[in-house]
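Shown next: coords.csv, given as CSV, C-alpha atoms and all ligand atoms.
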chain,number,residue,atom,x,y,z
A,1353,MET,CA,25.5,-45.6,37.1
A,1354,LEU,CA,27.6,-42.6,38.1
A,1355,SER,CA,28.6,-42.0,34.5
A,1356,ASP,CA,24.9,-42.0,33.5
A,1357,MET,CA,24.1,-39.5,36.2
A,1358,THR,CA,26.9,-37.2,35.3
A,1359,GLN,CA,25.6,-37.1,31.7
A,1360,LEU,CA,22.1,-36.1,32.8
A,1361,GLN,CA,21.2,-32.6,31.8
A,1362,ILE,CA,19.2,-30.9,34.6
A,1363,ALA,CA,16.7,-28.5,33.2
A,1364,PRO,CA,17.0,-25.2,34.9
A,1365,SER,CA,14.0,-24.5,37.1
A,1366,LEU,CA,11.9,-21.4,36.7
A,1367,ARG,CA,11.1,-19.6,39.9
A,1368,LEU,CA,8.1,-17.3,40.2
A,1369,ASP,CA,10.4,-14.2,40.6
A,1370,ASP,CA,12.3,-15.2,37.4
A,1371,ILE,CA,9.0,-15.7,35.5
A,1372,ARG,CA,7.8,-12.3,36.6
A,1373,HIS,CA,11.0,-10.7,35.5
A,1374,LEU,CA,10.9,-12.4,32.1
A,1375,VAL,CA,7.3,-11.4,31.6
A,1376,VAL,CA,8.2,-7.7,32.2
A,1377,MET,CA,11.3,-8.0,29.9
A,1378,ALA,CA,9.2,-9.7,27.1
A,1379,LYS,CA,6.7,-6.8,27.2
A,1380,SER,CA,9.4,-4.2,27.1
A,1381,VAL,CA,11.5,-5.8,24.3
A,1382,THR,CA,8.8,-7.1,22.0
A,1383,GLY,CA,5.5,-6.0,23.4
A,1384,ILE,CA,4.5,-9.6,23.7
A,1385,SER,CA,2.3,-10.5,26.7
A,1386,LEU,CA,3.7,-13.8,28.2
A,1387,ASP,CA,1.3,-15.8,30.2
A,1388,GLU,CA,2.9,-16.5,33.6
A,1389,THR,CA,1.3,-19.9,33.9
A,1390,ARG,CA,2.7,-21.1,30.6
A,1391,THR,CA,6.0,-22.1,32.1
A,1392,ASP,CA,6.5,-24.9,29.6
A,1393,PHE,CA,6.3,-22.4,26.8
A,1394,ILE,CA,8.7,-20.0,28.5
A,1395,ALA,CA,11.2,-22.7,29.3
A,1396,GLY,CA,10.9,-24.3,25.9
A,1397,ARG,CA,11.7,-21.0,24.2
A,1398,LEU,CA,14.4,-19.7,26.6
A,1399,GLY,CA,16.1,-22.9,27.5
A,1400,ARG,CA,18.3,-22.6,24.4
A,1401,ARG,CA,19.3,-19.1,25.3
A,1402,LEU,CA,20.5,-20.2,28.7
A,1403,ALA,CA,22.5,-23.0,27.1
A,1404,ALA,CA,23.9,-20.6,24.5
A,1405,ASN,CA,25.2,-18.4,27.3
A,1406,GLY,CA,26.5,-21.4,29.3
A,1407,LEU,CA,24.0,-20.6,32.1
A,1408,THR,CA,22.1,-23.1,34.3
A,1409,ASP,CA,19.9,-20.7,36.2
A,1410,TYR,CA,17.2,-18.3,35.1
A,1411,ALA,CA,18.0,-15.7,37.8
A,1412,GLU,CA,21.5,-15.4,36.2
A,1413,TYR,CA,19.9,-15.1,32.8
A,1414,CYS,CA,17.6,-12.3,34.0
A,1415,ARG,CA,20.7,-10.5,35.2
A,1416,LEU,CA,22.4,-11.0,31.8
A,1417,LEU,CA,19.3,-9.6,30.1
A,1418,LYS,CA,19.6,-6.4,32.1
A,1419,SER,CA,23.1,-5.7,31.0
A,1420,ASP,CA,23.5,-7.2,27.5
A,1421,MET,CA,21.7,-5.5,24.7
A,1422,ALA,CA,22.6,-8.3,22.1
A,1423,GLU,CA,21.1,-10.9,24.4
A,1424,ARG,CA,17.9,-8.9,24.7
A,1425,VAL,CA,17.6,-9.1,20.9
A,1426,ALA,CA,18.2,-12.8,20.9
A,1427,PHE,CA,15.6,-13.1,23.8
A,1428,GLY,CA,13.0,-11.3,21.7
A,1429,GLU,CA,13.9,-13.6,18.7
A,1430,ALA,CA,13.4,-16.7,20.9
A,1431,LEU,CA,9.9,-15.5,22.0
A,1432,THR,CA,8.5,-14.5,18.6
A,1433,THR,CA,6.6,-16.8,16.3
A,1434,HIS,CA,7.2,-16.4,12.6
A,1435,THR,CA,4.6,-18.7,11.0
A,1436,THR,CA,3.4,-17.3,7.7
A,1437,SER,CA,2.5,-18.4,4.2
A,1438,PHE,CA,1.7,-17.1,0.7
A,1439,PHE,CA,-1.9,-16.0,0.3
A,1440,ARG,CA,-2.7,-16.8,4.0
A,1441,GLU,CA,-6.4,-15.8,4.6
A,1442,LYS,CA,-6.8,-15.6,0.8
A,1443,ALA,CA,-10.3,-14.0,1.0
A,1444,GLN,CA,-8.6,-10.7,1.8
A,1445,TYR,CA,-6.4,-10.8,-1.3
A,1446,ASP,CA,-9.5,-11.8,-3.4
A,1447,TRP,CA,-11.3,-8.8,-2.0
A,1448,LEU,CA,-8.5,-6.5,-2.9
A,1449,LEU,CA,-8.4,-7.9,-6.4
A,1450,ASP,CA,-12.2,-7.7,-6.9
A,1451,GLU,CA,-13.0,-4.5,-5.1
A,1452,GLY,CA,-10.5,-2.9,-2.8
A,1453,LEU,CA,-7.8,-1.8,-5.3
A,1454,ALA,CA,-10.4,-0.3,-7.6
A,1455,GLU,CA,-11.9,1.5,-4.7
A,1456,LEU,CA,-8.5,2.9,-3.7
A,1457,GLN,CA,-8.2,4.5,-7.2
A,1458,ASP,CA,-11.6,6.0,-7.1
A,1459,GLY,CA,-11.5,9.8,-7.5
A,1460,GLY,CA,-7.9,9.6,-8.7
A,1461,ARG,CA,-6.7,9.2,-5.0
A,1462,THR,CA,-3.6,7.3,-6.0
A,1463,LYS,CA,-3.0,9.1,-9.3
A,1464,GLY,CA,0.6,10.2,-10.0
A,1465,ARG,CA,2.1,8.4,-7.0
A,1466,GLU,CA,2.9,4.8,-5.9
A,1467,THR,CA,0.2,2.7,-4.1
A,1468,VAL,CA,1.9,1.6,-0.9
A,1469,PHE,CA,1.3,-1.8,0.6
A,1470,TRP,CA,2.7,-2.3,4.1
A,1471,SER,CA,3.2,-5.7,5.6
A,1472,ALA,CA,3.6,-4.5,9.1
A,1473,ALA,CA,4.7,-7.8,10.8
A,1474,CYS,CA,6.1,-9.3,7.6
A,1475,SER,CA,8.0,-12.3,8.9
A,1476,THR,CA,9.8,-14.0,6.0
A,1477,GLY,CA,8.0,-11.9,3.3
A,1478,GLN,CA,5.2,-14.1,1.9
A,1479,GLU,CA,2.4,-11.8,3.0
A,1480,GLY,CA,4.0,-8.8,1.3
A,1481,TYR,CA,4.9,-10.6,-2.0
A,1482,SER,CA,1.3,-12.0,-2.1
A,1483,ALA,CA,0.1,-8.4,-1.9
A,1484,LEU,CA,2.3,-7.4,-4.8
A,1485,MET,CA,1.3,-10.4,-6.9
A,1486,THR,CA,-2.3,-9.3,-6.3
A,1487,ALA,CA,-1.6,-5.8,-7.3
A,1488,HIS,CA,0.0,-7.0,-10.6
A,1489,ALA,CA,-2.9,-9.4,-11.2
A,1490,ALA,CA,-5.2,-6.3,-10.8
A,1491,ARG,CA,-3.2,-4.4,-13.3
A,1492,ASP,CA,-3.4,-7.3,-15.7
A,1493,GLY,CA,-7.1,-7.3,-15.2
A,1494,GLY,CA,-7.4,-3.7,-16.4
A,1495,LEU,CA,-6.5,-1.6,-13.3
A,1496,ARG,CA,-3.7,0.0,-15.2
A,1497,SER,CA,-2.8,3.3,-13.7
A,1498,PHE,CA,-1.2,2.4,-10.5
A,1499,GLU,CA,2.3,1.6,-9.4
A,1500,PRO,CA,2.6,-0.8,-6.5
A,1501,ARG,CA,5.3,-0.5,-3.8
A,1502,LEU,CA,5.8,-2.7,-0.8
A,1503,VAL,CA,7.2,-1.9,2.6
A,1504,GLY,CA,7.8,-4.9,4.9
A,1505,THR,CA,8.7,-4.4,8.6
A,1506,ASP,CA,9.4,-6.9,11.4
A,1507,LEU,CA,11.0,-6.9,14.8
A,1508,SER,CA,13.1,-9.9,13.9
A,1509,ARG,CA,16.2,-9.1,11.8
A,1510,PRO,CA,16.7,-12.7,10.5
A,1511,VAL,CA,13.2,-12.9,9.0
A,1512,VAL,CA,13.6,-9.4,7.4
A,1513,ARG,CA,16.8,-10.6,5.8
A,1514,ARG,CA,15.0,-13.7,4.5
A,1515,ALA,CA,12.2,-11.6,3.1
A,1516,GLU,CA,14.7,-9.5,1.2
A,1517,GLN,CA,16.4,-12.6,-0.2
A,1518,ALA,CA,13.0,-13.8,-1.4
A,1519,VAL,CA,14.1,-17.5,-1.7
A,1520,TYR,CA,11.6,-20.2,-0.8
A,1521,ALA,CA,11.4,-23.9,-0.9
A,1522,ARG,CA,8.7,-25.6,-2.9
A,1523,GLY,CA,6.5,-26.4,0.1
A,1524,GLU,CA,6.5,-22.8,1.1
A,1525,THR,CA,5.2,-21.7,-2.2
A,1526,ASP,CA,2.1,-24.0,-2.1
A,1527,GLY,CA,-0.3,-21.1,-1.4
A,1528,ILE,CA,0.6,-19.2,-4.7
A,1529,PRO,CA,-2.2,-19.8,-7.2
A,1530,ALA,CA,-1.1,-21.9,-10.2
A,1531,GLU,CA,-1.8,-19.1,-12.7
A,1532,LEU,CA,0.6,-16.7,-10.8
A,1533,ARG,CA,3.5,-19.1,-10.4
A,1534,PRO,CA,5.1,-18.8,-13.8
A,1535,ARG,CA,4.9,-15.1,-13.7
A,1536,PHE,CA,6.3,-14.4,-10.2
A,1537,LEU,CA,8.6,-17.4,-9.4
A,1538,LEU,CA,12.0,-18.3,-10.8
A,1539,SER,CA,13.3,-21.8,-10.4
A,1540,SER,CA,16.8,-22.2,-9.1
A,1541,LYS,CA,19.2,-23.5,-11.7
A,1542,LYS,CA,21.4,-25.1,-9.0
A,1543,SER,CA,18.9,-26.7,-6.6
A,1544,THR,CA,15.6,-28.4,-7.4
A,1545,GLY,CA,12.6,-27.3,-5.5
A,1546,ILE,CA,14.0,-23.8,-4.7
A,1547,TYR,CA,12.4,-20.7,-6.0
A,1548,ARG,CA,13.1,-17.0,-6.0
A,1549,ILE,CA,10.6,-14.1,-6.4
A,1550,VAL,CA,11.1,-12.3,-9.7
A,1551,PRO,CA,13.3,-9.1,-9.8
A,1552,GLU,CA,10.3,-7.0,-10.8
A,1553,LEU,CA,8.6,-7.6,-7.4
A,1554,ARG,CA,11.9,-7.5,-5.4
A,1555,THR,CA,12.8,-4.1,-6.8
A,1556,GLN,CA,9.3,-2.8,-5.7
A,1557,SER,CA,10.0,-3.9,-2.1
A,1558,THR,CA,11.8,-2.4,0.8
A,1559,TRP,CA,12.4,-4.5,4.0
A,1560,ARG,CA,13.4,-3.1,7.4
A,1561,ASN,CA,13.6,-3.9,11.0
A,1562,ALA,CA,11.0,-2.1,13.1
A,1563,ASN,CA,9.1,-2.3,16.3
A,1564,LEU,CA,5.3,-1.7,16.0
A,1565,VAL,CA,5.1,-1.0,19.8
A,1566,THR,CA,7.7,1.7,20.1
A,1567,GLY,CA,7.4,2.9,16.6
A,1568,HIS,CA,11.1,2.5,16.1
A,1569,GLY,CA,11.9,2.0,12.3
A,1570,LEU,CA,8.5,3.2,11.1
A,1571,ASP,CA,9.4,6.7,10.1
A,1572,GLY,CA,8.3,7.8,6.7
A,1573,ILE,CA,5.8,5.1,6.1
A,1574,ALA,CA,2.5,6.3,4.5
A,1575,ALA,CA,0.5,3.3,3.3
A,1576,ASP,CA,-2.6,2.7,1.3
A,1577,VAL,CA,-3.1,-0.9,2.5
A,1578,VAL,CA,-1.7,-2.3,5.8
A,1579,PHE,CA,-1.5,-5.9,6.6
A,1580,LEU,CA,-1.4,-6.2,10.4
A,1581,ARG,CA,-2.1,-9.8,10.7
A,1582,ASN,CA,-1.4,-12.5,13.3
A,1583,VAL,CA,0.6,-10.3,15.6
A,1584,LEU,CA,-2.0,-8.4,17.7
A,1585,ILE,CA,-2.9,-11.8,19.3
A,1586,TYR,CA,0.5,-11.7,21.1
A,1587,PHE,CA,-0.2,-8.4,22.8
A,1588,ASP,CA,-2.3,-7.3,25.8
A,1589,ALA,CA,-5.0,-4.6,25.4
A,1590,GLU,CA,-2.7,-1.7,26.2
A,1591,ILE,CA,0.0,-2.7,23.8
A,1592,ARG,CA,-2.5,-3.5,21.1
A,1593,GLN,CA,-3.9,0.0,21.3
A,1594,ARG,CA,-0.4,1.4,21.0
A,1595,VAL,CA,0.3,-0.7,17.9
A,1596,ILE,CA,-3.1,0.2,16.3
A,1597,ASP,CA,-2.4,3.9,16.9
A,1598,ASN,CA,1.1,3.6,15.4
A,1599,VAL,CA,-0.4,1.9,12.3
A,1600,TYR,CA,-3.4,4.2,12.0
A,1601,ARG,CA,-1.1,7.2,11.9
A,1602,ARG,CA,0.7,5.7,8.9
A,1603,LEU,CA,-2.4,4.7,7.0
A,1604,ARG,CA,-3.7,7.2,4.4
A,1605,ILE,CA,-7.3,8.3,4.6
A,1606,GLY,CA,-9.4,6.0,2.4
A,1607,GLY,CA,-6.8,3.2,2.9
A,1608,PHE,CA,-7.4,-0.2,4.2
A,1609,LEU,CA,-6.2,-2.1,7.3
A,1610,MET,CA,-6.3,-5.9,7.2
A,1611,THR,CA,-6.1,-7.9,10.4
A,1612,GLY,CA,-6.0,-11.6,11.0
A,1613,HIS,CA,-9.5,-13.0,11.0
A,1614,THR,CA,-9.3,-13.8,14.8
A,1615,GLU,CA,-8.0,-10.3,15.5
A,1616,ALA,CA,-10.7,-8.1,13.9
A,1617,SER,CA,-12.2,-6.9,17.1
A,1618,HIS,CA,-8.8,-5.7,18.4
A,1619,ALA,CA,-8.6,-3.1,15.7
A,1620,ARG,CA,-11.8,-1.2,16.6
A,1621,ARG,CA,-10.9,2.4,16.9
A,1622,ALA,CA,-12.3,5.8,16.1
A,1623,GLY,CA,-11.5,6.7,12.5
A,1624,LEU,CA,-11.6,3.1,11.3
A,1625,GLU,CA,-14.8,1.7,9.8
A,1626,LEU,CA,-15.4,-2.0,9.2
A,1627,VAL,CA,-15.7,-2.8,5.5
A,1628,ARG,CA,-16.1,-6.5,6.1
A,1629,PRO,CA,-14.9,-9.0,8.7
A,1630,SER,CA,-11.2,-8.2,9.4
A,1631,ILE,CA,-11.0,-5.3,6.8
A,1632,TYR,CA,-11.2,-1.7,7.9
A,1633,ARG,CA,-11.2,1.6,6.0
A,1634,LYS,CA,-9.6,4.7,7.5
A,1635,VAL,CA,-12.3,7.4,7.3
A,1636,ALA,CA,-10.7,10.3,9.3
B,1701,LIG,C1,3.0,-15.0,13.2
B,1701,LIG,S1,4.0,-13.9,12.4
B,1701,LIG,C2,2.8,-13.2,11.3
B,1701,LIG,C3,3.3,-13.0,9.9
B,1701,LIG,C4,2.3,-12.4,8.9
B,1701,LIG,N1,1.8,-11.1,9.3
B,1701,LIG,C5,1.2,-13.4,8.6
B,1701,LIG,O1,0.1,-13.1,9.1
B,1701,LIG,O2,1.4,-14.4,8.0
B,1701,LIG,C6,4.2,-12.6,13.6
B,1701,LIG,C7,5.4,-11.7,13.3
B,1701,LIG,O3,5.2,-10.6,14.1
B,1701,LIG,C8,6.5,-10.1,14.5
B,1701,LIG,N2,6.5,-9.3,15.6
B,1701,LIG,C9,6.3,-9.6,16.9
B,1701,LIG,N3,6.3,-8.6,17.7
B,1701,LIG,C10,6.6,-7.5,16.9
B,1701,LIG,C11,6.7,-6.1,17.2
B,1701,LIG,N4,6.6,-5.6,18.4
B,1701,LIG,N5,7.0,-5.3,16.1
B,1701,LIG,C12,7.1,-5.8,14.9
B,1701,LIG,N6,7.0,-7.1,14.6
B,1701,LIG,C13,6.7,-7.9,15.6
B,1701,LIG,C14,7.3,-11.4,14.7
B,1701,LIG,O4,8.7,-11.3,14.6
B,1701,LIG,C15,6.7,-12.3,13.6
B,1701,LIG,O5,7.5,-12.3,12.4
Could I get this structure in the form of structure tokens?
Ligand SMILES: C[S@@+](CC[C@H](N)C(=O)[O-])C[C@H]1O[C@@H](n2cnc3c(N)ncnc32)[C@H](O)[C@@H]1O
Amino acid sequence: MLSDMTQLQIAPSLRLDDIRHLVVMAKSVTGISLDETRTDFIAGRLGRRLAANGLTDYAEYCRLLKSDMAERVAFGEALTTHTTSFFREKAQYDWLLDEGLAELQDGGRTKGRETVFWSAACSTGQEGYSALMTAHAARDGGLRSFEPRLVGTDLSRPVVRRAEQAVYARGETDGIPAELRPRFLLSSKKSTGIYRIVPELRTQSTWRNANLVTGHGLDGIAADVVFLRNVLIYFDAEIRQRVIDNVYRRLRIGGFLMTGHTEASHARRAGLELVRPSIYRKVA
């Protein structure tokens, strides 16, 4: 009996003071607005961080967060969600192919320069590569005179590294339309069911760590199409506004901002006009 008891892992308990501290910290490190009542979520995400640091108490963990920059990064990592897929919310890519990309070229707006796609919370890269595949499909369809370039940014360094590697398991590539697969995917010679994005798209891509809330890492971006999808939902109204402003400043006039379909109302702002649900055009 005693030996059973000694093996029991006691889950550290979250006190209200700790929760409040973690909520403030989450907002300052990632911008994410944690719900104080979702203690299961907080404990589920952070329990591993306590264990990794050999701690059994959240108050100690809060003290560690104050003094340890590396742990703050790991904390942000533990709280973020990286779910993504190729051609997620496909209607937006279809619209780009059928209308949006041609409209970008109207009046020679992009003539003589690259057309820049920015995947602003890129996770492991599928969103950005889907945009490039769409751009190439548009070129094949006759929209010849533009050179696509992709910039992918994310708060999380590990996902940015994965995006750059551009290696995906078969299940992850399911969203890629059948007609695009032979052109943009290479099969691994060593492992079955593993694919890599072709060099042509990889060389057109740049990936970097950046924070949409503080603007850190966003210098020099001037985009024609921004994908800001499935990230605004994690922020409160004040942080959302800051993120939208940071993105708006880096979107060229006449360019498009795509949000997640549940997030469209969050992007309302002077200077952005709604083209269709979850697609905005910068007009001023
Ligand atoms: C759910 S994924 C969305 C991925 C992709 N945009 C999509 O719609 O499929 C959210 C991404 O936002 C990133 N993220 C969260 N807070 C961020 C911030 N403050 N700055 C930049 N990226 C952030 C996360 O690391 C995560 O990879």
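Across the structure, atom CA of Asp1458 of chain A and atom CA of Ser1630 of chain A are spaced 21.8 Å apart.
For the pair atom CA of Ala1395 of chain A and atom CA of Arg1372 of chain A, the interatomic distance is 13.2 Å.
Here the question is which of A:Gly1569, A:Pro1529, A:Gly1623, A:Gly1406 gets nearest to Ala1489 of chain A using only C-alpha atoms, and that residue is A:Pro1529.
Among the candidates A:Ala1619, A:Ala1378, A:Ala1562, A:Ala1589, the residue lying nearest to ligand LIG 1701 (chain B) is A:Ala1562 (atoms considered: only C-alpha atoms and all ligand atoms).
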Each residue of chain A with at least one atom at most 6 Å from ligand LIG 1701 (chain B) should appear once, together with its nearest atom pair and the corresponding distance in Å (one decimal); atoms considered: all atoms listed in the file; ordering: chain, then increasing residue number; output as CSV.
residue,atom,partner,partner_atom,distance
A:Thr1382,CA,B:LIG1701,N4,4.5
A:Gly1383,CA,B:LIG1701,N4,5.1
A:Thr1432,CA,B:LIG1701,C14,5.1
A:Thr1433,CA,B:LIG1701,C1,5.1
A:His1434,CA,B:LIG1701,S1,4.1
A:Thr1435,CA,B:LIG1701,C1,4.6
A:Thr1436,CA,B:LIG1701,O2,3.5
A:Ser1437,CA,B:LIG1701,O2,5.6
A:Ala1473,CA,B:LIG1701,O3,4.4
A:Cys1474,CA,B:LIG1701,N1,5.0
A:Ser1475,CA,B:LIG1701,O5,3.5
A:Glu1479,CA,B:LIG1701,O2,5.7
A:Asp1506,CA,B:LIG1701,N6,4.0
A:Leu1507,CA,B:LIG1701,N6,4.0
A:Ser1508,CA,B:LIG1701,O4,4.7
A:Ala1562,CA,B:LIG1701,C12,5.7
A:Asn1563,CA,B:LIG1701,N5,3.7
A:Leu1564,CA,B:LIG1701,N5,4.0
A:Val1565,CA,B:LIG1701,N4,5.0
A:Leu1580,CA,B:LIG1701,N1,6.0
A:Arg1581,CA,B:LIG1701,O1,4.3
A:Asn1582,CA,B:LIG1701,O1,4.5
A:Val1583,CA,B:LIG1701,C6,4.7
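Note that the spacing between atom CA of Ala1411 of chain A and atom CA of Glu1388 of chain A amounts to 15.7 Å.
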